[in-house]
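> Got a structure for you, work-v8.txt, holding compact mmCIF, C-alpha atoms.
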# COMPACT_ATOMS: atom_id res chain seq x y z
CA MET A 1 109.52 134.16 119.43
CA ILE A 2 110.30 130.89 121.19
CA ALA A 3 108.96 132.44 124.38
CA LEU A 4 105.69 133.28 122.66
CA ILE A 5 105.32 129.77 121.21
CA THR A 6 106.06 128.26 124.62
CA ARG A 7 103.53 130.51 126.32
CA ASP A 8 100.78 129.80 123.79
CA LEU A 9 101.43 126.06 123.89
CA ARG A 10 101.26 126.09 127.69
CA LEU A 11 98.11 128.14 127.53
CA GLY A 12 96.54 125.81 125.01
CA LEU A 13 97.31 122.73 127.08
CA ARG A 14 96.47 124.37 130.41
CA SER A 15 93.23 126.12 129.61
CA GLY A 16 92.44 122.86 127.94
CA GLY A 17 89.93 121.68 125.47
CA SER A 18 90.59 123.84 122.43
CA GLY A 19 92.45 121.03 120.68
CA LEU A 20 90.13 118.37 122.00
CA ILE A 21 87.00 120.25 120.94
CA GLY A 22 88.37 120.40 117.40
CA VAL A 23 88.95 116.65 117.40
CA LEU A 24 85.46 116.01 118.79
CA PHE A 25 83.94 118.21 116.11
CA PHE A 26 86.00 116.35 113.49
CA LEU A 27 84.75 113.07 114.91
CA SER A 28 81.14 114.18 114.80
CA VAL A 29 81.41 115.19 111.14
CA VAL A 30 83.01 111.83 110.29
CA ALA A 31 80.52 109.88 112.42
CA VAL A 32 77.44 111.61 111.02
CA THR A 33 78.34 111.15 107.36
CA PRO A 34 77.68 107.36 107.17
CA PHE A 35 74.22 107.98 108.60
CA ALA A 36 73.50 110.46 105.83
CA ILE A 37 75.11 108.48 102.99
CA GLY A 38 73.99 105.02 104.02
CA PRO A 39 75.96 101.93 105.03
CA ASP A 40 77.55 101.30 101.64
CA LEU A 41 81.11 100.37 102.64
CA ASN A 42 82.58 100.76 99.16
CA LEU A 43 81.03 104.17 98.72
CA LEU A 44 82.30 105.26 102.14
CA ALA A 45 85.80 104.05 101.33
CA ARG A 46 85.72 105.97 98.07
CA ILE A 47 84.57 109.27 99.53
CA GLY A 48 86.55 108.76 102.76
CA PRO A 49 89.40 111.19 101.98
CA ALA A 50 86.91 113.91 101.07
CA ILE A 51 84.97 113.42 104.31
CA LEU A 52 88.15 113.51 106.38
CA TRP A 53 89.26 116.67 104.64
CA ILE A 54 85.92 118.44 105.04
CA GLY A 55 85.81 117.45 108.70
CA ALA A 56 89.36 118.62 109.35
CA LEU A 57 88.80 121.84 107.44
CA LEU A 58 85.71 122.76 109.43
CA ALA A 59 87.37 121.78 112.70
CA CYS A 60 90.34 124.02 111.81
CA LEU A 61 88.04 126.96 111.16
CA LEU A 62 86.30 126.37 114.46
CA GLY A 63 89.08 127.61 116.72
CA LEU A 64 90.48 130.36 114.52
CA ASP A 65 88.64 133.27 116.10
CA ARG A 66 90.48 132.69 119.38
CA LEU A 67 93.87 133.17 117.74
CA PHE A 68 94.17 136.85 118.62
CA GLN A 69 90.97 137.38 120.58
CA ILE A 70 92.43 135.99 123.79
CA ASP A 71 95.29 138.47 123.56
CA VAL A 72 92.98 141.40 122.91
CA GLU A 73 90.85 140.63 125.93
CA ASP A 74 93.65 140.73 128.50
CA GLY A 75 95.77 143.46 126.90
CA SER A 76 98.57 141.10 125.80
CA LEU A 77 98.17 142.22 122.21
CA ASP A 78 99.40 145.71 123.20
CA ILE A 79 102.60 144.13 124.45
CA LEU A 80 103.02 142.06 121.30
CA VAL A 81 102.50 145.14 119.12
CA LEU A 82 104.70 147.33 121.30
CA ALA A 83 107.64 144.95 120.85
CA ARG A 84 107.50 145.30 117.07
CA PHE A 85 110.77 147.22 116.88
CA ASP A 86 112.81 144.21 118.02
CA GLN A 87 110.28 141.60 117.08
CA PRO A 88 108.49 142.34 113.78
CA LEU A 89 104.75 141.72 113.96
CA ALA A 90 104.94 139.20 111.11
CA LEU A 91 107.27 137.04 113.22
CA THR A 92 105.01 137.40 116.23
CA VAL A 93 102.00 136.32 114.20
CA PHE A 94 104.01 133.45 112.71
CA ALA A 95 104.89 132.25 116.20
CA LYS A 96 101.26 132.45 117.28
CA CYS A 97 100.21 130.50 114.18
CA VAL A 98 102.76 127.77 114.85
CA ALA A 99 101.55 127.38 118.42
CA HIS A 100 97.91 127.50 117.30
CA TRP A 101 98.51 124.81 114.69
CA ILE A 102 100.26 122.53 117.18
CA ILE A 103 97.34 122.92 119.60
CA THR A 104 94.44 122.68 117.15
CA GLY A 105 95.77 121.32 113.83
CA LEU A 106 98.15 118.58 114.86
CA PRO A 107 95.56 116.67 116.94
CA LEU A 108 93.35 116.53 113.83
CA VAL A 109 96.20 115.06 111.79
CA LEU A 110 96.90 112.49 114.50
CA ALA A 111 93.23 111.57 114.77
CA ALA A 112 92.76 111.17 111.00
CA PRO A 113 94.12 107.57 110.73
CA LEU A 114 91.74 106.48 113.47
CA PHE A 115 88.78 108.15 111.79
CA GLY A 116 89.82 106.56 108.50
CA ILE A 117 88.92 103.20 110.02
CA LEU A 118 85.42 104.48 110.76
CA LEU A 119 85.01 105.19 107.06
CA ASN A 120 86.34 101.80 105.95
CA MET A 121 89.24 103.45 104.13
CA PRO A 122 92.07 101.29 102.77
CA LEU A 123 95.44 101.76 104.43
CA ALA A 124 97.04 103.55 101.49
CA ALA A 125 94.23 106.10 101.34
CA THR A 126 94.40 106.68 105.09
CA VAL A 127 98.13 107.24 105.02
CA ALA A 128 97.86 109.56 102.02
CA THR A 129 95.04 111.58 103.59
CA THR A 130 96.95 111.92 106.83
CA ALA A 131 100.02 113.10 104.92
CA THR A 132 98.01 115.68 102.99
CA LEU A 133 96.39 116.89 106.19
CA LEU A 134 99.84 117.24 107.74
CA VAL A 135 101.09 119.56 105.01
CA GLY A 136 97.73 121.17 104.26
CA THR A 137 96.32 122.20 107.66
CA PRO A 138 99.12 124.72 108.37
CA ALA A 139 97.93 126.65 105.31
CA ILE A 140 94.46 126.86 106.86
CA THR A 141 95.95 128.33 110.03
CA PHE A 142 98.08 130.86 108.16
CA ILE A 143 95.24 131.96 105.89
CA GLY A 144 92.91 131.96 108.87
CA ALA A 145 95.28 134.27 110.75
CA ILE A 146 94.40 136.98 108.24
CA GLY A 147 90.69 136.50 108.87
CA ALA A 148 91.23 136.41 112.63
CA ALA A 149 93.29 139.60 112.49
CA VAL A 150 90.76 141.47 110.38
CA THR A 151 87.91 140.61 112.74
CA VAL A 152 89.92 141.04 115.91
CA THR A 153 88.09 144.16 117.07
CA LEU A 154 84.65 142.65 116.59
CA PRO A 155 83.21 141.32 119.83
CA ARG A 156 81.50 138.35 118.16
CA GLY A 157 83.72 137.75 115.18
CA GLY A 158 83.72 133.96 115.53
CA LEU A 159 81.44 132.87 112.74
CA LEU A 160 82.51 135.79 110.57
CA VAL A 161 86.10 134.54 110.61
CA SER A 162 84.99 131.16 109.25
CA VAL A 163 82.87 132.76 106.53
CA ILE A 164 85.68 135.11 105.48
CA VAL A 165 88.34 132.41 105.50
CA LEU A 166 86.40 129.57 103.88
CA PRO A 167 86.58 130.74 100.23
CA PHE A 168 90.34 131.21 100.51
CA VAL A 169 91.00 127.72 101.81
CA ILE A 170 89.08 126.01 98.99
CA PRO A 171 92.32 125.44 96.99
CA VAL A 172 93.81 123.71 100.03
CA LEU A 173 90.80 121.40 100.12
CA ILE A 174 90.94 120.73 96.37
CA PHE A 175 94.61 119.81 96.25
CA GLY A 176 94.47 117.94 99.54
CA VAL A 177 91.64 115.68 98.42
CA GLN A 178 93.11 115.28 94.93
CA ALA A 179 96.43 114.12 96.30
CA ALA A 180 94.71 111.69 98.64
CA TYR A 181 92.72 110.23 95.72
CA GLY A 182 95.82 110.18 93.57
CA ALA A 183 97.47 107.82 96.01
CA VAL A 184 94.82 105.13 95.57
CA THR A 185 93.22 105.58 92.12
CA ASP A 186 95.55 104.79 89.29
CA PRO A 187 95.56 107.43 86.57
CA ALA A 188 95.26 110.31 89.01
CA PRO A 189 98.60 111.75 90.14
CA PHE A 190 99.63 112.00 93.78
CA LEU A 191 102.83 113.98 93.65
CA GLN A 192 101.72 117.06 91.71
CA PRO A 193 98.74 118.00 93.88
CA PHE A 194 100.73 117.09 96.97
CA LEU A 195 103.54 119.44 95.97
CA LEU A 196 101.06 122.19 95.09
CA LEU A 197 99.49 121.72 98.50
CA SER A 198 102.92 122.06 100.13
CA ALA A 199 103.54 125.17 98.03
CA ILE A 200 100.29 126.73 99.24
CA SER A 201 101.31 126.06 102.84
CA LEU A 202 104.76 127.56 102.35
CA PHE A 203 103.44 130.56 100.45
CA PHE A 204 100.87 131.44 103.10
CA SER A 205 103.30 130.82 105.94
CA VAL A 206 104.99 133.96 104.63
CA LEU A 207 102.08 136.00 103.29
CA GLY A 208 99.62 135.23 106.10
CA PRO A 209 101.73 136.55 108.99
CA PHE A 210 102.64 139.71 107.07
CA VAL A 211 99.06 140.60 106.18
CA ALA A 212 97.72 139.57 109.59
CA GLY A 213 100.44 141.62 111.31
CA TYR A 214 99.49 144.66 109.27
CA ALA A 215 95.81 144.17 110.06
CA ILE A 216 96.57 143.88 113.75
CA LYS A 217 98.58 147.07 113.72
CA LEU A 218 95.63 148.85 112.12
CA ALA A 219 93.20 147.30 114.59
CA GLU A 220 95.22 148.65 117.52
CA GLY A 221 94.52 152.17 116.30
CA MET B 1 141.45 146.91 126.52
CA ILE B 2 140.39 148.48 129.77
CA GLU B 3 140.02 151.81 128.01
CA THR B 4 137.76 150.25 125.41
CA VAL B 5 135.50 148.81 128.08
CA ALA B 6 135.41 152.14 129.90
CA GLY B 7 134.60 153.82 126.60
CA PHE B 8 131.69 151.49 125.99
CA MET B 9 130.39 152.07 129.48
CA LEU B 10 130.60 155.80 128.96
CA ILE B 11 128.63 155.55 125.74
CA GLY B 12 126.09 153.39 127.53
CA CYS B 13 125.67 155.92 130.30
CA MET B 14 125.45 158.81 127.88
CA ALA B 15 122.72 157.11 125.90
CA ARG B 16 120.85 156.54 129.12
CA THR B 17 121.21 159.98 130.66
CA ASP B 18 120.75 161.97 127.49
CA LEU B 19 117.44 160.54 126.38
CA ARG B 20 114.80 163.11 125.57
CA LEU B 21 111.16 162.40 124.83
CA ILE B 22 109.98 165.28 122.66
CA VAL B 23 106.34 165.76 121.82
CA GLU B 24 105.46 168.64 119.55
CA GLN B 25 102.00 169.90 118.65
CA LEU B 26 100.57 166.43 118.91
CA ALA B 27 97.04 165.85 117.68
CA VAL B 28 95.32 162.47 117.82
CA SER B 29 91.80 161.47 116.96
CA ARG B 30 89.87 158.31 117.56
CA GLY B 31 87.00 157.17 115.40
CA GLY B 32 87.18 160.44 113.48
CA ARG B 33 86.83 162.62 116.58
CA PRO B 34 89.78 164.75 117.66
CA ILE B 35 90.62 163.71 121.22
CA VAL B 36 94.04 165.17 121.86
CA SER B 37 95.15 168.38 120.21
CA ASP B 38 98.12 170.70 120.49
CA VAL B 39 100.00 168.83 123.18
CA SER B 40 103.67 169.69 123.47
CA PHE B 41 106.19 168.73 126.12
CA GLU B 42 109.75 167.58 126.48
CA LEU B 43 110.96 165.15 129.11
CA HIS B 44 114.61 164.46 129.84
CA SER B 45 116.01 161.35 131.43
CA GLY B 46 115.09 161.39 135.09
CA GLN B 47 111.93 163.40 134.54
CA GLY B 48 108.42 162.16 135.06
CA MET B 49 105.09 163.56 134.06
CA VAL B 50 101.65 162.95 135.49
CA ILE B 51 98.63 163.35 133.26
CA THR B 52 95.42 164.21 135.06
CA GLY B 53 91.96 165.10 133.94
CA PRO B 54 88.37 163.86 134.03
CA ASN B 55 87.31 160.60 132.42
CA GLY B 56 87.20 160.79 128.67
CA SER B 57 89.52 163.77 128.45
CA GLY B 58 92.15 161.94 126.41
CA LYS B 59 94.66 160.64 128.95
CA SER B 60 94.72 157.07 127.64
CA THR B 61 94.58 158.27 124.04
CA LEU B 62 97.70 160.35 124.58
CA LEU B 63 99.51 157.39 126.14
CA ARG B 64 98.46 155.07 123.33
CA ALA B 65 99.65 157.61 120.78
CA LEU B 66 103.01 157.90 122.54
CA ALA B 67 103.32 154.12 122.46
CA GLY B 68 102.72 154.20 118.72
CA PHE B 69 99.41 152.34 118.75
CA LEU B 70 97.38 155.22 117.38
CA PRO B 71 98.15 157.11 114.19
CA VAL B 72 99.11 160.72 114.78
CA ASP B 73 97.05 163.36 112.95
CA SER B 74 99.69 166.03 113.15
CA GLY B 75 102.72 166.90 115.20
CA SER B 76 105.44 164.50 116.22
CA VAL B 77 106.69 162.21 118.94
CA ARG B 78 110.45 161.79 118.94
CA LEU B 79 113.08 160.18 121.05
CA ALA B 80 116.27 162.22 120.88
CA PRO B 81 119.11 161.61 120.30
CA LEU B 82 118.22 158.11 119.13
CA ASP B 83 116.98 157.41 115.68
CA GLU B 84 114.38 155.05 117.05
CA PRO B 85 110.67 155.31 117.66
CA VAL B 86 109.52 155.69 121.25
CA TRP B 87 108.07 152.19 121.37
CA ALA B 88 111.51 150.68 120.79
CA ARG B 89 112.42 151.82 124.30
CA ALA B 90 109.07 151.90 126.05
CA GLN B 91 107.17 149.79 128.51
CA PHE B 92 103.43 150.13 128.23
CA LEU B 93 100.93 149.30 130.92
CA SER B 94 97.27 149.83 130.14
CA VAL B 95 94.34 149.27 132.45
CA ALA B 96 94.45 145.64 131.33
CA ASN B 97 97.17 143.59 132.98
CA ALA B 98 98.37 141.65 129.93
CA MET B 99 98.62 138.43 131.94
CA LYS B 100 97.13 134.99 131.32
CA GLY B 101 94.87 133.72 134.06
CA ALA B 102 95.58 130.07 133.28
CA LEU B 103 99.35 130.44 133.72
CA THR B 104 101.23 130.95 136.96
CA VAL B 105 102.61 134.35 137.90
CA GLY B 106 106.12 133.06 137.29
CA GLU B 107 105.27 131.74 133.82
CA ASN B 108 103.60 135.01 132.87
CA LEU B 109 106.51 137.13 133.97
CA THR B 110 109.11 134.80 132.45
CA PHE B 111 107.33 135.18 129.13
CA HIS B 112 107.30 138.96 129.34
CA GLN B 113 110.96 139.06 130.25
CA ALA B 114 111.95 136.81 127.34
CA PHE B 115 109.65 138.50 124.85
CA GLY B 116 110.51 142.07 125.80
CA GLY B 117 114.26 141.50 125.57
CA ALA B 118 116.97 143.44 127.44
CA PRO B 119 116.42 141.68 130.78
CA ALA B 120 116.81 143.79 133.90
CA LEU B 121 115.61 142.42 137.25
CA SER B 122 114.94 138.70 137.52
CA VAL B 123 111.35 137.54 137.89
CA VAL B 124 111.85 136.66 141.55
CA ASP B 125 113.49 140.00 142.35
CA ALA B 126 110.85 141.99 140.50
CA LEU B 127 108.10 140.22 142.45
CA ALA B 128 109.98 140.80 145.69
CA ARG B 129 110.05 144.53 144.96
CA LEU B 130 106.26 144.48 145.11
CA ASP B 131 106.15 142.12 148.12
CA LEU B 132 104.74 139.33 146.01
CA ALA B 133 107.50 136.72 146.18
CA HIS B 134 105.05 134.24 147.70
CA VAL B 135 102.68 134.16 144.69
CA LEU B 136 105.31 133.03 142.17
CA ASP B 137 103.71 129.63 141.62
CA ASN B 138 100.08 130.69 141.98
CA ARG B 139 97.85 130.86 138.97
CA PHE B 140 97.45 134.49 137.95
CA GLY B 141 93.69 133.98 137.69
CA ASP B 142 93.52 133.00 141.36
CA LEU B 143 94.97 136.26 142.63
CA SER B 144 92.99 139.20 144.00
CA THR B 145 92.49 142.34 141.92
CA GLY B 146 95.17 144.27 143.79
CA GLN B 147 97.64 141.40 143.57
CA ARG B 148 97.05 141.11 139.83
CA ARG B 149 97.77 144.78 139.38
CA ARG B 150 100.97 144.46 141.42
CA VAL B 151 102.13 141.55 139.27
CA ALA B 152 101.46 143.73 136.22
CA LEU B 153 103.54 146.48 137.80
CA ALA B 154 106.34 144.00 138.49
CA ARG B 155 106.46 143.43 134.75
CA LEU B 156 107.80 146.96 134.28
CA LEU B 157 110.95 146.00 136.18
CA LEU B 158 111.75 142.94 134.08
CA ASN B 159 113.07 144.67 130.99
CA ASP B 160 115.55 147.47 130.67
CA ARG B 161 113.36 149.98 128.90
CA PRO B 162 113.81 153.57 130.02
CA ILE B 163 110.42 154.98 129.09
CA TRP B 164 107.39 153.92 131.07
CA LEU B 165 103.97 154.75 129.69
CA ILE B 166 101.53 153.75 132.37
CA ASP B 167 97.79 154.16 132.54
CA GLU B 168 96.16 154.22 135.98
CA PRO B 169 98.95 152.08 137.45
CA THR B 170 97.55 152.02 140.96
CA SER B 171 93.91 151.19 140.32
CA GLY B 172 92.87 148.58 142.84
CA LEU B 173 95.94 149.00 145.05
CA ASP B 174 95.94 149.69 148.77
CA ARG B 175 97.78 152.63 150.34
CA PHE B 176 100.84 150.62 151.20
CA SER B 177 101.25 149.28 147.67
CA GLU B 178 100.70 152.74 146.23
CA ALA B 179 103.54 154.09 148.35
CA ARG B 180 105.70 151.18 147.28
CA PHE B 181 104.99 151.92 143.64
CA VAL B 182 105.83 155.61 144.08
CA GLU B 183 109.21 154.46 145.43
CA ILE B 184 109.70 152.29 142.35
CA ILE B 185 108.89 155.20 140.04
CA LYS B 186 111.33 157.37 141.96
CA GLU B 187 114.07 154.80 141.58
CA HIS B 188 113.35 154.46 137.89
CA LEU B 189 113.65 158.23 137.45
CA ASP B 190 116.85 158.33 139.51
CA GLY B 191 118.24 155.68 137.22
CA GLY B 192 117.70 157.93 134.22
CA GLY B 193 114.27 156.71 133.17
CA ILE B 194 111.30 158.67 131.91
CA VAL B 195 107.80 158.09 133.23
CA VAL B 196 104.56 159.29 131.74
CA ALA B 197 101.66 158.25 133.93
CA ALA B 198 97.95 158.91 133.82
CA THR B 199 97.03 158.77 137.47
CA HIS B 200 95.25 160.61 140.24
CA LEU B 201 97.72 159.35 142.79
CA PRO B 202 99.53 162.21 144.49
CA ILE B 203 103.13 161.42 143.70
CA ASP B 204 105.52 163.34 145.87
CA ILE B 205 108.62 163.52 143.71
CA ALA B 206 110.61 166.69 143.22
CA GLY B 207 110.61 167.95 139.66
CA LEU B 208 107.63 165.92 138.58
CA ARG B 209 105.77 167.69 135.80
CA SER B 210 102.08 167.58 135.26
CA LEU B 211 99.79 167.86 132.30
CA ARG B 212 96.13 168.49 132.88
CA PHE B 213 93.38 167.84 130.41
CA GLU B 214 90.65 170.21 131.44
CA GLU B 215 87.49 169.06 129.82
CA GLU B 216 85.76 166.05 128.54
CA VAL B 217 85.86 165.78 124.77
CA ALA B 218 82.35 166.15 123.45
Starting from the file, give its structure as structure tokens.

Amino acid sequence: MIALITRDLRLGLRSGGSGLIGVLFFLSVVAVTPFAIGPDLNLLARIGPAILWIGALLACLLGLDRLFQIDVEDGSLDILVLARFDQPLALTVFAKCVAHWIITGLPLVLAAPLFGILLNMPLAATVATTATLLVGTPAITFIGAIGAAVTVTLPRGGLLVSVIVLPFVIPVLIFGVQAAYGAVTDPAPFLQPFLLLSAISLFFSVLGPFVAGYAIKLAEG
Amino acid sequence: MIETVAGFMLIGCMARTDLRLIVEQLAVSRGGRPIVSDVSFELHSGQGMVITGPNGSGKSTLLRALAGFLPVDSGSVRLAPLDEPVWARAQFLSVANAMKGALTVGENLTFHQAFGGAPALSVVDALARLDLAHVLDNRFGDLSTGQRRRVALARLLLNDRPIWLIDEPTSGLDRFSEARFVEIIKEHLDGGGIVVAATHLPIDIAGLRSLRFEEEVA
């Protein structure tokens, strides 16, 4: 499992760009919004967390289709599936998700504070949004793994993955944005949505790999 | 103490020499069409089998079914006397090489050794067996077609898995490399392994069985 994570991390860094493209996409969403909304600084600060979350969500969906596709193309997936006696497929998928999140999700989390400045967000809101992204984006990867596994045999499954996955990540978006708002606006709670968000991530870190593993096994046939 | 160790070694040897791959009345279909039907054979440790036949006659389908990728319509694939599926002890090599072009040959093979478990030959030794020691630090994507295939063949030597299921192992290889690979198969069989290969390569090994698919499946 460690070997698989190491390989995928190396691959992500070496073949380059997949993480950076996500960040650039994130940046373009964040940069375009003020043009559409208008230069009202207070308004931007207020909707800042939502913009950051939408941007990060879309950027996360962007790279999902490559999760298993690269292994199908060169035959590696056969090897991953073949090893399932010693290495259950759910664990294999979990390892791939972890590597995928580090390559594509973590850069978004790290970029979020910087992009918060572009939206004139107060420090507390920026910190809270970054924290919610940190615990929330893994859920997107784990849920997305199911979509990526289901569409793995389709030659052009890219957009389809996003469309399939999007409805299922709406709760992540809701609780993520709510927690971020809760940190800065007074009556709204921070802790409850934040904990629910963490729960979603933990829940799908188990369910996602199992379902995706099963789908991959079926796709091999 | 010494007796215990000897006992363990004996058990280890027994498990290795006594392995039997038993296929009975196997039928497999793909996309609703029956591709392989009524295939039966039994291979003991040290025995190899070559599958021949025209394109589309079901060679790869049979191999993929043996590896457990495809659901079996009827019949059975067993590994006696173990209570384990075939894929628990099998190496599988398809026409794809299962290597990453962006990584070096060494990185690719190190991954496969670690992921496959039960390490056998080291990465350097395995490459040396295929006369490829010099490409260890080259990017896999920069190699020639034949070199890539040889690296993929070197993968088979990395893990101690007795059953080799290999599909067109020598496509893209020159004569010399083909001969070298036949030697490697021979050694694997002598060591108590089982090889099932779909290939047109004439392999001159005593006791090698052959299975011929006659016609293309309509």
> In Å, how far is it from atom CA of B:Met99 to atom CA of A:Gly19?
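Atom-to-atom, atom CA of B:Met99 to atom CA of A:Gly19, that is 21.6 Å.
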> Distance atom CA of B:Ala102-atom CA of B:Asp142, one decimal place?
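Atom-to-atom, atom CA of B:Ala102 and atom CA of B:Asp142 are spaced 8.8 Å apart.
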> Give as an NGL selection string every residue of chain B that touches chain A within 10 Å, counting all atoms listed in the file.
:B and (29-31 or 61 or 64-65 or 67-72 or 84-103 or 107-108 or 110-117)
> Could you tell me how far atom CA of A:Val93 sits from atom CA of B:Gly32, in Å to one decimal place?
28.3 Å
> Do you know which residues are at most 8 Å from stretch 63-69 of chain A counting only C-alpha atoms, after dropping those on the same chain fewer than 6 positions away, and could you put them as a VMD selection string?
chain A and resid 18 22 77 96 to 97 100 104 141 144 to 145 148 to 149 152 157 to 159 161 to 162
> Between A:Thr137, A:Thr132, A:Ser28, A:Ser205, which is the closest to A:Leu57 once you count all atoms listed in the file?
A:Thr137
> Between B:Ser60, B:Asn159, B:Gln147, B:Ser74, single out the one closest to B:Ser122, counting only C-alpha atoms.
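Nearest candidate to B:Ser122 out of B:Ser60, B:Asn159, B:Gln147, B:Ser74: B:Asn159.
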> Looking at all atoms listed in the file, which of B:Leu43, B:Ala120, B:Leu165, B:Leu189 is the one that sits closest to B:Leu62?
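Using all atoms listed in the file, B:Leu62 sits closest to B:Leu165.
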> Restricting the calculation to only C-alpha atoms: of B:Pro169, B:Gly106, B:Gly48, B:Gly191, which residue gets closest to B:Leu153?
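Once distances to B:Leu153 are computed over only C-alpha atoms, the minimum belongs to B:Pro169.
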> For A:Arg46, which residue among A:Val135, A:Leu154, A:Ala125, A:Val169 is the nearest when counting only C-alpha atoms?
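Among the listed residues, the smallest separation from A:Arg46 belongs to A:Ala125.
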> So that I can check the surroundings of stretch 172-187 of chain B, please list as an MDAnalysis selection string every protein, DNA and RNA residue that reaches within 7 Å of it, counting all atoms listed in the file and ignoring chain neighbours fewer than 5 positions away.
chainID B and resid 145:146 203 205
> Output C-alpha atoms for every residue in the selection just made, as a PDB file, in the coordinates of the input.

ATOM      1  CA  THR B 145      92.490 142.340 141.920  1.00  0.00           C
ATOM      2  CA  GLY B 146      95.170 144.270 143.790  1.00  0.00           C
ATOM      3  CA  ILE B 203     103.130 161.420 143.700  1.00  0.00           C
ATOM      4  CA  ILE B 205     108.620 163.520 143.710  1.00  0.00           C
TER       5      ILE B 205
END
